[in-house]
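Peer 1: Okay, so here is entry-v6.csv, and as you'll see once you scroll down, it has CSV, C-alpha atoms.
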chain,number,residue,atom,x,y,z
L,1,MET,CA,94.2,22.3,-38.5
L,2,ALA,CA,94.0,22.0,-42.3
L,3,ALA,CA,95.3,24.8,-44.3
L,4,THR,CA,92.5,26.2,-46.3
L,5,LEU,CA,93.7,29.4,-48.0
L,6,VAL,CA,95.6,29.4,-51.2
L,7,ALA,CA,98.6,31.7,-50.8
L,8,THR,CA,101.5,32.7,-52.9
L,9,ILE,CA,104.5,31.0,-51.3
L,10,THR,CA,108.2,31.6,-51.7
L,11,LEU,CA,109.6,28.4,-53.2
L,12,LEU,CA,112.8,27.0,-51.7
L,13,ALA,CA,115.7,26.3,-54.0
L,14,SER,CA,115.6,22.7,-53.0
L,15,CYS,CA,112.1,22.2,-54.5
L,16,THR,CA,112.0,24.7,-57.4
L,17,SER,CA,113.9,24.8,-60.6
L,18,ASP,CA,113.9,27.3,-63.5
L,19,GLU,CA,115.0,26.0,-66.9
L,20,GLY,CA,116.3,28.3,-69.6
L,21,GLY,CA,114.9,31.5,-71.1
L,22,SER,CA,113.1,31.7,-74.4
L,23,PRO,CA,114.2,29.3,-77.2
L,24,SER,CA,115.5,32.2,-79.3
L,25,GLY,CA,117.8,33.6,-76.7
L,26,GLY,CA,115.6,36.8,-76.4
L,27,GLY,CA,116.5,40.3,-75.4
L,28,PRO,CA,116.9,42.0,-72.0
L,29,MET,CA,113.1,42.0,-71.3
L,30,GLN,CA,112.9,38.3,-71.9
L,31,LYS,CA,116.0,37.5,-69.8
L,32,ASN,CA,114.6,39.5,-66.8
L,33,ALA,CA,110.9,38.2,-67.1
L,34,ALA,CA,109.6,37.0,-63.7
L,35,ALA,CA,109.2,33.2,-63.4
L,36,ALA,CA,105.7,31.8,-62.9
L,37,LYS,CA,104.9,31.3,-59.2
L,38,ILE,CA,103.2,28.1,-58.1
L,39,ALA,CA,101.2,27.9,-54.9
L,40,PHE,CA,99.7,24.8,-53.1
L,41,ALA,CA,96.7,24.4,-50.8
L,42,PRO,CA,97.2,22.7,-48.4
L,43,GLN,CA,100.7,24.3,-48.1
L,44,ASP,CA,103.8,22.2,-48.3
L,45,GLY,CA,104.3,20.5,-44.9
L,46,ALA,CA,100.8,21.0,-43.7
L,47,LYS,CA,99.6,18.4,-41.1
L,48,ASP,CA,96.1,17.3,-39.9
L,49,VAL,CA,94.5,18.4,-43.2
L,50,ALA,CA,90.8,17.7,-43.5
L,51,VAL,CA,90.1,14.8,-45.9
L,52,THR,CA,87.2,16.7,-47.5
L,53,GLU,CA,89.3,19.7,-48.3
L,54,PRO,CA,90.0,19.8,-52.1
L,55,VAL,CA,93.7,20.0,-53.1
L,56,LYS,CA,94.4,23.0,-55.2
L,57,ILE,CA,97.4,24.1,-57.2
L,58,SER,CA,97.5,27.6,-58.7
L,59,VAL,CA,99.9,29.6,-60.7
L,60,ALA,CA,100.5,33.4,-61.0
L,61,GLY,CA,102.4,34.9,-63.9
L,62,GLY,CA,102.1,31.9,-66.2
L,63,GLU,CA,100.2,28.7,-67.1
L,64,LEU,CA,100.3,25.2,-65.6
L,65,THR,CA,101.6,22.6,-67.9
L,66,GLU,CA,101.6,19.7,-65.5
L,67,ALA,CA,100.2,19.0,-62.0
L,68,THR,CA,100.1,15.7,-60.2
L,69,VAL,CA,99.1,14.7,-56.7
L,70,THR,CA,99.9,11.2,-55.5
L,71,ASN,CA,99.2,9.2,-52.3
L,72,ALA,CA,101.7,7.3,-50.2
L,73,GLU,CA,101.4,4.3,-52.6
L,74,GLY,CA,102.3,6.4,-55.6
L,75,GLN,CA,98.7,6.3,-57.0
L,76,PRO,CA,97.5,9.6,-58.6
L,77,VAL,CA,94.6,11.5,-57.1
L,78,ASN,CA,91.9,12.3,-59.5
L,79,GLY,CA,92.0,15.9,-60.7
L,80,ALA,CA,92.3,18.2,-63.7
L,81,ILE,CA,93.9,21.4,-64.8
L,82,ALA,CA,91.3,24.2,-65.4
L,83,GLU,CA,90.5,25.3,-68.9
L,84,ASP,CA,92.4,28.6,-68.4
L,85,LYS,CA,95.4,26.6,-67.2
L,86,LYS,CA,95.7,28.8,-64.1
L,87,SER,CA,94.8,26.1,-61.5
L,88,TRP,CA,94.3,22.4,-60.8
L,89,ALA,CA,91.8,20.9,-58.3
L,90,SER,CA,91.3,17.4,-57.0
L,91,GLY,CA,88.1,15.5,-57.7
L,92,GLU,CA,88.0,13.0,-54.8
L,93,VAL,CA,88.2,12.9,-51.0
L,94,LEU,CA,91.4,12.0,-49.3
L,95,GLY,CA,92.2,9.2,-46.9
L,96,TYR,CA,92.6,9.5,-43.2
L,97,GLY,CA,96.2,9.6,-41.8
L,98,LYS,CA,97.8,9.7,-45.3
L,99,THR,CA,100.7,11.6,-46.7
L,100,TYR,CA,100.2,13.1,-50.2
L,101,SER,CA,102.9,14.5,-52.5
L,102,TYR,CA,102.4,17.1,-55.3
L,103,THR,CA,104.4,18.2,-58.2
L,104,ALA,CA,103.6,21.0,-60.6
L,105,THR,CA,105.2,22.6,-63.6
L,106,ALA,CA,104.4,26.0,-65.1
L,107,LYS,CA,105.8,28.4,-67.7
L,108,ASN,CA,105.6,32.1,-68.0
L,109,ALA,CA,104.7,34.0,-71.2
L,110,GLN,CA,108.3,33.8,-72.5
L,111,GLY,CA,108.4,30.0,-71.9
L,112,LYS,CA,110.5,30.0,-68.8
L,113,VAL,CA,109.7,26.8,-66.8
L,114,THR,CA,109.2,26.5,-63.1
L,115,THR,CA,108.7,23.3,-61.2
L,116,SER,CA,107.6,23.0,-57.6
L,117,LYS,CA,107.1,20.0,-55.3
L,118,GLY,CA,105.8,19.4,-51.7
L,119,SER,CA,103.7,17.2,-49.5
L,120,PHE,CA,101.1,17.3,-46.7
L,121,THR,CA,99.5,14.8,-44.3
L,122,THR,CA,95.8,14.4,-43.5
L,123,LEU,CA,94.3,14.1,-40.0
L,124,THR,CA,94.2,10.8,-38.1
L,125,PRO,CA,90.8,10.5,-36.2
L,126,ALA,CA,90.6,9.2,-32.7
L,127,SER,CA,87.7,7.1,-33.9
L,128,THR,CA,85.5,6.6,-37.0
L,129,PRO,CA,82.0,5.6,-35.8
L,130,ARG,CA,80.0,3.7,-38.4
L,131,ALA,CA,76.4,4.9,-38.9
L,132,THR,CA,73.4,3.0,-40.4
L,133,ILE,CA,70.4,4.2,-42.4
L,134,ASN,CA,66.9,3.0,-42.7
L,135,PRO,CA,64.8,2.3,-44.9
L,136,GLY,CA,67.2,0.4,-47.1
L,137,ASP,CA,67.6,0.5,-50.8
L,138,ASN,CA,64.5,-0.5,-52.9
L,139,ALA,CA,62.2,-0.8,-49.9
L,140,SER,CA,58.5,0.0,-50.3
L,141,VAL,CA,57.2,1.5,-47.1
L,142,GLY,CA,54.0,3.0,-45.6
L,143,VAL,CA,53.2,6.7,-45.5
L,144,GLY,CA,54.2,7.1,-41.9
L,145,MET,CA,57.7,5.7,-42.3
L,146,PRO,CA,60.5,8.0,-40.9
L,147,ILE,CA,64.0,8.1,-42.2
L,148,SER,CA,66.4,7.0,-39.4
L,149,ILE,CA,70.2,7.4,-39.1
L,150,LYS,CA,71.7,5.7,-36.1
L,151,PHE,CA,75.1,6.1,-34.6
L,152,PRO,CA,76.9,4.0,-32.0
L,153,GLU,CA,75.9,4.6,-28.4
L,154,GLY,CA,76.5,8.2,-27.3
L,155,GLY,CA,76.2,9.6,-30.8
L,156,PRO,CA,78.1,12.6,-32.3
L,157,GLN,CA,78.8,15.6,-30.2
L,158,ASP,CA,78.4,18.1,-33.0
L,159,LYS,CA,74.9,17.2,-34.1
L,160,ALA,CA,74.6,20.4,-36.2
L,161,ALA,CA,77.6,19.3,-38.4
L,162,VAL,CA,75.9,16.0,-38.9
L,163,GLU,CA,72.6,17.5,-40.0
L,164,LYS,CA,74.3,19.8,-42.5
L,165,ALA,CA,75.6,16.7,-44.2
L,166,LEU,CA,72.2,15.1,-44.6
L,167,GLN,CA,70.0,15.6,-47.7
L,168,VAL,CA,66.5,14.3,-48.6
L,169,GLN,CA,65.3,14.5,-52.2
L,170,THR,CA,61.7,13.6,-53.1
L,171,SER,CA,59.9,13.1,-56.5
L,172,GLN,CA,57.2,15.6,-55.3
L,173,PRO,CA,57.3,18.4,-52.8
L,174,VAL,CA,57.2,17.2,-49.2
L,175,GLU,CA,57.7,19.4,-46.1
L,176,GLY,CA,59.7,17.7,-43.4
L,177,SER,CA,62.5,18.0,-40.9
L,178,TRP,CA,65.2,16.2,-39.1
L,179,ALA,CA,64.9,15.7,-35.3
L,180,TRP,CA,67.2,14.0,-32.8
L,181,VAL,CA,65.0,11.4,-31.1
L,182,SER,CA,68.0,10.3,-29.0
L,183,LYS,CA,71.6,11.2,-28.5
L,184,SER,CA,72.5,8.6,-31.1
L,185,GLN,CA,69.6,8.7,-33.6
L,186,VAL,CA,68.3,11.4,-36.0
L,187,ASP,CA,65.0,10.9,-37.9
L,188,TRP,CA,63.4,12.8,-40.8
L,189,ARG,CA,59.7,12.7,-41.1
L,190,PRO,CA,57.2,14.7,-43.1
L,191,LYS,CA,54.9,17.2,-41.5
L,192,GLU,CA,52.0,15.1,-42.7
L,193,TYR,CA,52.0,11.6,-44.0
L,194,TRP,CA,54.1,11.0,-47.1
L,195,PRO,CA,52.2,11.4,-50.4
L,196,ALA,CA,51.6,7.9,-51.8
L,197,ASN,CA,54.1,6.7,-54.4
L,198,THR,CA,56.7,9.2,-53.6
L,199,GLN,CA,60.3,8.3,-54.6
L,200,VAL,CA,62.8,9.2,-51.9
L,201,THR,CA,66.6,9.5,-52.1
L,202,VAL,CA,68.7,10.2,-49.0
L,203,ASN,CA,72.4,11.1,-49.1
L,204,ALA,CA,74.3,11.4,-45.8
L,205,LYS,CA,77.7,12.8,-46.7
L,206,LEU,CA,79.2,11.7,-43.3
L,207,TYR,CA,82.8,10.8,-44.4
L,208,GLY,CA,85.2,13.4,-43.0
L,209,VAL,CA,82.5,15.2,-40.9
L,210,ALA,CA,83.9,16.1,-37.5
L,211,TYR,CA,81.6,14.6,-34.9
L,212,GLY,CA,83.6,16.1,-31.9
L,213,GLY,CA,85.9,14.5,-29.4
L,214,GLY,CA,88.3,13.5,-32.2
L,215,ALA,CA,85.6,11.3,-33.9
L,216,TYR,CA,85.0,11.6,-37.7
L,217,GLY,CA,82.5,10.0,-40.0
L,218,LYS,CA,83.6,6.6,-41.3
L,219,SER,CA,81.7,6.6,-44.6
L,220,ASP,CA,78.9,8.2,-46.6
L,221,LEU,CA,75.5,6.6,-46.6
L,222,SER,CA,72.7,6.7,-49.1
L,223,THR,CA,69.4,5.0,-49.8
L,224,ASN,CA,66.6,5.0,-52.4
L,225,PHE,CA,63.2,3.8,-51.5
L,226,THR,CA,59.5,4.2,-52.4
L,227,ILE,CA,56.4,5.2,-50.4
L,228,GLY,CA,53.7,2.8,-51.2
L,229,ARG,CA,49.9,3.2,-51.3
L,230,ASN,CA,48.3,5.2,-48.5
L,231,GLN,CA,46.9,2.8,-45.9
L,232,VAL,CA,46.0,3.9,-42.4
L,233,VAL,CA,44.5,1.9,-39.5
L,234,LYS,CA,42.1,3.7,-37.1
L,235,ILE,CA,41.0,2.2,-33.8
L,236,ASN,CA,38.7,3.8,-31.3
L,237,THR,CA,39.1,1.3,-28.5
L,238,PRO,CA,35.6,1.6,-27.0
L,239,ASP,CA,34.1,0.6,-30.4
L,240,HIS,CA,35.8,-2.8,-30.5
L,241,VAL,CA,36.5,-2.3,-34.3
L,242,MET,CA,39.6,-1.9,-36.3
L,243,ASN,CA,39.0,0.1,-39.5
L,244,VAL,CA,41.4,0.0,-42.4
L,245,TYR,CA,41.4,3.0,-44.8
L,246,ARG,CA,43.0,3.0,-48.3
L,247,ASP,CA,43.6,6.4,-49.9
L,248,GLY,CA,41.1,7.9,-47.4
L,249,GLY,CA,38.3,5.4,-48.1
L,250,LEU,CA,37.2,2.6,-45.7
L,251,VAL,CA,38.2,-0.8,-47.2
L,252,ALA,CA,37.8,-3.1,-44.2
L,253,SER,CA,36.3,-3.2,-40.7
L,254,TYR,CA,37.5,-6.0,-38.3
L,255,PRO,CA,35.9,-6.8,-34.9
L,256,SER,CA,38.6,-6.4,-32.3
L,257,SER,CA,39.3,-6.8,-28.6
L,258,ASN,CA,41.7,-4.2,-27.4
L,259,GLY,CA,43.6,-3.7,-24.1
L,260,LEU,CA,41.8,-3.9,-20.8
L,261,ASP,CA,41.0,-0.3,-19.9
L,262,GLY,CA,40.7,-1.0,-16.2
L,263,ASP,CA,44.5,-1.6,-16.0
L,264,PRO,CA,46.8,1.2,-17.4
L,265,ASP,CA,49.5,-1.4,-17.9
L,266,ARG,CA,47.2,-3.5,-20.1
L,267,THR,CA,45.4,-0.8,-22.1
L,268,THR,CA,46.0,-0.2,-25.8
L,269,PRO,CA,47.4,3.4,-25.6
L,270,ASN,CA,46.3,6.5,-27.5
L,271,GLY,CA,48.5,7.9,-30.3
L,272,THR,CA,49.8,7.4,-33.8
L,273,VAL,CA,52.4,4.6,-34.2
L,274,ILE,CA,53.5,2.7,-37.2
L,275,VAL,CA,53.8,-0.9,-38.4
L,276,MET,CA,57.4,-1.9,-37.3
L,277,SER,CA,57.6,-5.5,-38.2
L,278,LYS,CA,55.6,-8.6,-39.3
L,279,GLU,CA,55.8,-12.1,-38.0
L,280,PRO,CA,53.7,-15.1,-39.2
L,281,ILE,CA,53.9,-16.5,-35.7
L,282,GLY,CA,54.8,-14.3,-32.8
L,283,ASP,CA,55.8,-15.2,-29.2
L,284,PHE,CA,53.6,-13.5,-26.7
L,285,SER,CA,54.8,-15.1,-23.5
L,286,ASN,CA,54.5,-12.8,-20.5
L,287,PRO,CA,55.7,-14.3,-17.2
L,288,LYS,CA,54.5,-11.1,-15.4
L,289,TYR,CA,51.0,-12.2,-16.1
L,290,GLY,CA,51.6,-15.9,-15.6
L,291,TYR,CA,51.7,-17.2,-19.2
L,292,THR,CA,54.6,-18.7,-21.2
L,293,ASN,CA,55.1,-20.3,-24.6
L,294,VAL,CA,52.1,-18.4,-26.0
L,295,LYS,CA,52.2,-18.3,-29.8
L,296,LYS,CA,49.9,-16.2,-32.0
L,297,LYS,CA,49.5,-16.0,-35.7
L,298,TRP,CA,49.8,-13.0,-38.1
L,299,ALA,CA,51.6,-10.7,-35.6
L,300,VAL,CA,52.1,-7.1,-36.7
L,301,ARG,CA,54.2,-5.1,-34.3
L,302,ILE,CA,53.1,-1.5,-33.8
L,303,SER,CA,55.3,-0.5,-30.8
L,304,ASN,CA,58.4,-1.4,-28.9
L,305,HIS,CA,56.2,-0.8,-25.9
L,306,GLY,CA,54.7,-4.3,-26.5
L,307,GLU,CA,51.6,-3.7,-28.7
L,308,PHE,CA,50.8,-5.9,-31.7
L,309,ILE,CA,47.8,-6.5,-34.0
L,310,HIS,CA,47.4,-10.3,-34.1
L,311,GLU,CA,45.1,-13.3,-34.2
L,312,ASN,CA,43.7,-14.5,-30.9
L,313,GLU,CA,41.1,-17.2,-31.3
L,314,GLU,CA,41.4,-18.0,-27.6
L,315,ASN,CA,39.8,-14.6,-27.0
L,316,HIS,CA,37.1,-15.2,-29.6
L,317,ALA,CA,34.2,-14.6,-27.2
L,318,ASN,CA,35.4,-11.0,-26.5
L,319,ILE,CA,36.4,-10.0,-30.0
L,320,GLY,CA,34.1,-7.3,-31.2
L,321,LYS,CA,32.4,-7.0,-27.8
L,322,LYS,CA,34.8,-6.4,-25.0
L,323,ASN,CA,38.3,-5.1,-24.4
L,324,SER,CA,40.1,-7.8,-22.5
L,325,SER,CA,43.6,-8.2,-24.0
L,326,HIS,CA,47.0,-7.3,-22.4
L,327,GLY,CA,47.4,-4.3,-24.7
L,328,CYS,CA,47.4,-5.9,-28.1
L,329,VAL,CA,44.7,-5.6,-30.7
L,330,ASN,CA,43.1,-9.1,-31.0
L,331,LEU,CA,41.5,-10.1,-34.3
L,332,LEU,CA,39.8,-13.3,-35.5
L,333,GLU,CA,42.2,-15.4,-37.5
L,334,PRO,CA,40.8,-14.8,-41.0
L,335,ASP,CA,40.8,-11.0,-40.3
L,336,ALA,CA,44.3,-11.1,-38.8
L,337,LYS,CA,45.6,-12.9,-41.9
L,338,ALA,CA,43.9,-10.4,-44.3
L,339,TYR,CA,45.3,-7.4,-42.5
L,340,PHE,CA,48.7,-9.0,-42.2
L,341,ASP,CA,48.9,-9.5,-45.9
L,342,SER,CA,47.8,-5.9,-46.6
L,343,ALA,CA,50.2,-4.2,-44.2
L,344,LEU,CA,53.5,-2.4,-45.1
L,345,ILE,CA,56.2,-1.5,-42.7
L,346,GLY,CA,55.6,2.2,-41.9
L,347,ASP,CA,51.8,2.1,-42.2
L,348,PRO,CA,50.3,4.5,-39.6
L,349,VAL,CA,48.1,3.1,-36.8
L,350,GLU,CA,46.0,5.7,-35.1
L,351,ILE,CA,44.5,4.8,-31.7
L,352,SER,CA,42.1,6.8,-29.7
L,353,GLY,CA,39.6,6.4,-26.8
L,354,SER,CA,42.0,4.7,-24.4
L,355,VAL,CA,42.6,5.7,-20.8
L,356,ALA,CA,46.4,6.1,-21.4
L,357,ASN,CA,48.8,7.5,-24.0
L,358,PHE,CA,51.7,5.8,-25.7
L,359,PRO,CA,55.0,6.7,-24.0
L,360,THR,CA,57.7,8.5,-26.0
L,361,THR,CA,60.4,6.4,-24.5
L,362,SER,CA,60.6,3.6,-27.1
L,363,ASP,CA,60.8,3.9,-30.9
L,364,VAL,CA,59.1,4.5,-33.1
L,365,PHE,CA,57.4,7.5,-31.5
L,366,ASP,CA,57.9,10.1,-34.2
L,367,TRP,CA,54.2,10.7,-34.8
L,368,LEU,CA,53.5,11.1,-31.1
L,369,ILE,CA,55.4,14.4,-31.3
L,370,SER,CA,53.7,17.6,-32.5
L,371,TRP,CA,55.1,19.2,-35.6
L,372,ASP,CA,56.3,22.4,-33.8
L,373,GLN,CA,58.0,20.3,-31.1
L,374,TRP,CA,59.5,18.0,-33.8
L,375,LYS,CA,61.1,20.9,-35.6
L,376,SER,CA,62.6,22.2,-32.3
L,377,MET,CA,64.4,18.9,-31.9
L,378,SER,CA,66.6,19.7,-34.9
L,379,ALA,CA,70.1,20.8,-34.1
L,380,LEU,CA,69.7,23.5,-36.7
L,381,SER,CA,66.5,24.9,-35.3
Just dump the structure as structure tokens.
Peer 2:
Amino acid sequence: MAATLVATITLLASCTSDEGGSPSGGGPMQKNAAAAKIAFAPQDGAKDVAVTEPVKISVAGGELTEATVTNAEGQPVNGAIAEDKKSWASGEVLGYGKTYSYTATAKNAQGKVTTSKGSFTTLTPASTPRATINPGDNASVGVGMPISIKFPEGGPQDKAAVEKALQVQTSQPVEGSWAWVSKSQVDWRPKEYWPANTQVTVNAKLYGVAYGGGAYGKSDLSTNFTIGRNQVVKINTPDHVMNVYRDGGLVASYPSSNGLDGDPDRTTPNGTVIVMSKEPIGDFSNPKYGYTNVKKKWAVRISNHGEFIHENEENHANIGKKNSSHGCVNLLEPDAKAYFDSALIGDPVEISGSVANFPTTSDVFDWLISWDQWKSMSALS
């Protein structure tokens, strides 16, 4: 365990030296003046020191004149002596499984010099899982887009420690919360849709965080992205119409054919999902229903459950009149192209009127969860 308390230590003769008294020879008081005492944290010989713990060197009964901490390669660790010359502190994190050496020199009020040296070793993790973050830098996303941090399968054991290392900054006030949507994924979403044009910065200070089971964070993560214009799709399946709203106003109404309500496996389910991806040509082969090599244009994925918004001219006769698809929202080709061009990843799609609801077993289901339940899914709740 890393030593975390700065304590006054008794310096061994082998690592401490006192040089001379005052330059003038001095009187009895000067000859008997106590030497400055240097203390290190972590202490000399400490092992398994946390890499995020700052290295500190302090002095009692004098002032520091020099302080140096070096790594195993002899490279100095960034740091500085405080203005009052009573302490030195490092300004960078340390490396895993490394030995560091320190040397400090101090003098008391009479100029008597004390030098002290020592070393310590940082912890060696059993593993350092690499996490990922989404959206990426410079992305422009829709008002329903969550922030997602994913870990390798199984995820960290100490989820509270991970959450404490996560920070979301926004250009305007936004209420939101982290929630563990699986053992290996934590998402942040606002209580309501993001305000349009919000600038978002996420910092995940994961390096050195103890995940549990001997695992520690491999590196810090960060991203800067922008929330775009407010665009929301609303579909009430019995109406056979897909409405597109921009900043709360209706900007387009497209005739649609939605999933067949007579078959729960083919219906377009109720709930709020988001645009997940866009493909100019999508493959909609489904051997279960006897068709293969089926390509459709302007495919906008809204669920990993299998639902898309796409062109289907083969279903032209039913579009705007009857729900007959296998769960997707079918549009005429010009309408599908117009919507495709307008859509951003993260745009909300609100569906109602169906005989079934979207399952919460495939991402992205963040908006299928009530706000109170969402907050309860935080490890810090």
Peer 1: Please provide the set of residues having any atom within 8 Å of L:Pro125, restricted to only C-alpha atoms, with same-chain residues fewer than 2 positions apart removed, written as a PyMOL selection string.
Peer 2: chain L and resi 96-97+123+127-128+214-216
Peer 1: Could you write out that same residue set with C-alpha atoms as a CSV table (one decimal), keeping the file's coordinate frame?
Peer 2:
chain,number,residue,atom,x,y,z
L,96,TYR,CA,92.6,9.5,-43.2
L,97,GLY,CA,96.2,9.6,-41.8
L,123,LEU,CA,94.3,14.1,-40.0
L,127,SER,CA,87.7,7.1,-33.9
L,128,THR,CA,85.5,6.6,-37.0
L,214,GLY,CA,88.3,13.5,-32.2
L,215,ALA,CA,85.6,11.3,-33.9
L,216,TYR,CA,85.0,11.6,-37.7
Peer 1: How many Å separate atom CA of L:Val162 from atom CA of L:Ser177?
Peer 2: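 Computing it gives 13.7 Å between the two atoms.
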Peer 1: Interatomic distance between atom CA of L:Lys218 and atom CA of L:Ser277?
Peer 2: 28.8 Å
Peer 1: I'd like the neighbourhood of L:Pro255 as a PyMOL selection string, where a residue qualifies if any of its atoms comes within 9 Å (using all atoms listed in the file), though same-chain residues fewer than 5 positions away should be ignored.
Peer 2: chain L and resi 239-243+319-321+330-332+335
Peer 1: Restricting it to C-alpha atoms, dump the selection as a PDB file, keeping the file's coordinate frame.
Peer 2:
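Output file out07.pdb follows:
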ATOM      1  CA  ASP L 239      34.100   0.600 -30.400  1.00  0.00           C
ATOM      2  CA  HIS L 240      35.800  -2.800 -30.500  1.00  0.00           C
ATOM      3  CA  VAL L 241      36.500  -2.300 -34.300  1.00  0.00           C
ATOM      4  CA  MET L 242      39.600  -1.900 -36.300  1.00  0.00           C
ATOM      5  CA  ASN L 243      39.000   0.100 -39.500  1.00  0.00           C
ATOM      6  CA  ILE L 319      36.400 -10.000 -30.000  1.00  0.00           C
ATOM      7  CA  GLY L 320      34.100  -7.300 -31.200  1.00  0.00           C
ATOM      8  CA  LYS L 321      32.400  -7.000 -27.800  1.00  0.00           C
ATOM      9  CA  ASN L 330      43.100  -9.100 -31.000  1.00  0.00           C
ATOM     10  CA  LEU L 331      41.500 -10.100 -34.300  1.00  0.00           C
ATOM     11  CA  LEU L 332      39.800 -13.300 -35.500  1.00  0.00           C
ATOM     12  CA  ASP L 335      40.800 -11.000 -40.300  1.00  0.00           C
TER      13      ASP L 335
END
Peer 1: Identify which of the residues L:Tyr339, L:Arg266, L:Arg189, L:Leu206 lies closest to L:Tyr254, counting only C-alpha atoms when measuring atom-to-atom distances.
Peer 2: L:Tyr339
Peer 1: Can you tell me, as a PyMOL selection string, which residues sit within 10 Å of (83.3, 16.3, -34.1) in the file's frame, using all atoms listed in the file?
Peer 2: chain L and resi 125+156-162+208-217
Peer 1: Please provide the set of residues having any atom within 7 Å of L:Thr198, restricted to all atoms listed in the file, with same-chain residues fewer than 5 positions apart removed, written as a VMD selection string.
Peer 2: chain L and resid 170 to 172 226 to 227
Peer 1: Neighbouring residues of L:Ala196 were defined as those with any atom within 10 Å, considering only C-alpha atoms; residues of the same chain fewer than 5 positions away were excluded. Please report them as a ChimeraX atom specification.
Peer 2: /L:141-143,226-231,247
Peer 1: Contacts of L:Asp341 at 10 Å or less, counting all atoms listed in the file, minus same-chain residues fewer than 4 places along, as a list in words?
Peer 2: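 Listing them by chain and then by number gives Lys278, Pro280, Trp298, Asp335, Ala336 and Lys337 of chain L.
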Peer 1: Based on the selection just made, write C-alpha atoms of those residues as a short mmCIF file (atom, residue, chain, number, x, y, z; two decimals), in the frame of the given file.
Peer 2:
data_model
loop_
_atom_site.label_atom_id
_atom_site.label_comp_id
_atom_site.auth_asym_id
_atom_site.auth_seq_id
_atom_site.Cartn_x
_atom_site.Cartn_y
_atom_site.Cartn_z
CA LYS L 278 55.60 -8.60 -39.30
CA PRO L 280 53.70 -15.10 -39.20
CA TRP L 298 49.80 -13.00 -38.10
CA ASP L 335 40.80 -11.00 -40.30
CA ALA L 336 44.30 -11.10 -38.80
CA LYS L 337 45.60 -12.90 -41.90
#
Peer 1: Which residue is closest to L:Ala356? Choose from L:Leu260, L:Ala204, L:Ile281, L:Val300 and count all atoms listed in the file.
Peer 2: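 Residue with the minimum atom-to-atom distance to L:Ala356: L:Leu260.
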Peer 1: How many Å lie between atom CA of L:Val251 and atom CA of L:Val233, rounded to one decimal?
Peer 2: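 Distance between the two atoms: 10.3 Å.
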Peer 1: Please tell me which residues are no farther than 10 Å from (48.4, 7.3, -31.0) in the file, counting all atoms listed in the file, and write them as a compact mmCIF listing (two decimals) with C-alpha atoms, in the frame of the given file.
Peer 2:
# COMPACT_ATOMS: atom_id res chain seq x y z
CA LYS L 234 42.10 3.70 -37.10
CA ILE L 235 41.00 2.20 -33.80
CA THR L 268 46.00 -0.20 -25.80
CA PRO L 269 47.40 3.40 -25.60
CA ASN L 270 46.30 6.50 -27.50
CA GLY L 271 48.50 7.90 -30.30
CA THR L 272 49.80 7.40 -33.80
CA VAL L 273 52.40 4.60 -34.20
CA ILE L 274 53.50 2.70 -37.20
CA PRO L 348 50.30 4.50 -39.60
CA VAL L 349 48.10 3.10 -36.80
CA GLU L 350 46.00 5.70 -35.10
CA ILE L 351 44.50 4.80 -31.70
CA SER L 352 42.10 6.80 -29.70
CA GLY L 353 39.60 6.40 -26.80
CA SER L 354 42.00 4.70 -24.40
CA ALA L 356 46.40 6.10 -21.40
CA ASN L 357 48.80 7.50 -24.00
CA PHE L 358 51.70 5.80 -25.70
CA PRO L 359 55.00 6.70 -24.00
CA PHE L 365 57.40 7.50 -31.50
CA TRP L 367 54.20 10.70 -34.80
CA LEU L 368 53.50 11.10 -31.10
CA ILE L 369 55.40 14.40 -31.30
Peer 1: Find the residue from L:Ile309, L:Leu64, L:Ala33, L:Val174 that sits nearest to L:Ala104; use all atoms listed in the file when measuring.
Peer 2: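 Looking only at the distances to L:Ala104, the closest residue turns out to be L:Leu64.
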Peer 1: Padding 6 Å on each side, edges along x, y and z: where is the centre of the box around the listed atoms of stretch 359-375 of chain L, and how long are its edges in Å to one decimal? Output it as JSON.
Peer 2:
{"center_x": 57.3, "center_y": 13.0, "center_z": -29.8, "size_x": 19.6, "size_y": 30.8, "size_z": 23.6}
Peer 1: Using all atoms listed in the file, find the one residue out of L:Ile149, L:Ile38, L:Val232, L:Val275 that sits nearest to L:Ala252.
Peer 2: L:Val232
Peer 1: Add whatever atoms are absent from stretch 124-128 of chain L to reach N, CA, C and O atoms, and provide the output as a compact mmCIF listing (two decimals), keeping the file's coordinate frame.
Peer 2:
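The file below, rebuild.txt, is the result:
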# COMPACT_ATOMS: atom_id res chain seq x y z
N THR L 124 94.42 12.17 -38.59
CA THR L 124 94.20 10.80 -38.10
C THR L 124 93.12 10.86 -37.02
O THR L 124 93.39 11.39 -35.93
N PRO L 125 91.89 10.37 -37.25
CA PRO L 125 90.80 10.50 -36.20
C PRO L 125 91.13 9.60 -35.01
O PRO L 125 91.80 8.57 -35.10
N ALA L 126 90.58 10.03 -33.88
CA ALA L 126 90.60 9.20 -32.70
C ALA L 126 89.72 7.99 -32.85
O ALA L 126 89.98 6.90 -32.33
N SER L 127 88.62 8.17 -33.61
CA SER L 127 87.70 7.10 -33.90
C SER L 127 86.89 7.44 -35.14
O SER L 127 86.76 8.61 -35.50
N THR L 128 86.35 6.41 -35.80
CA THR L 128 85.50 6.60 -37.00
C THR L 128 84.22 5.79 -36.80
O THR L 128 84.12 4.69 -37.35
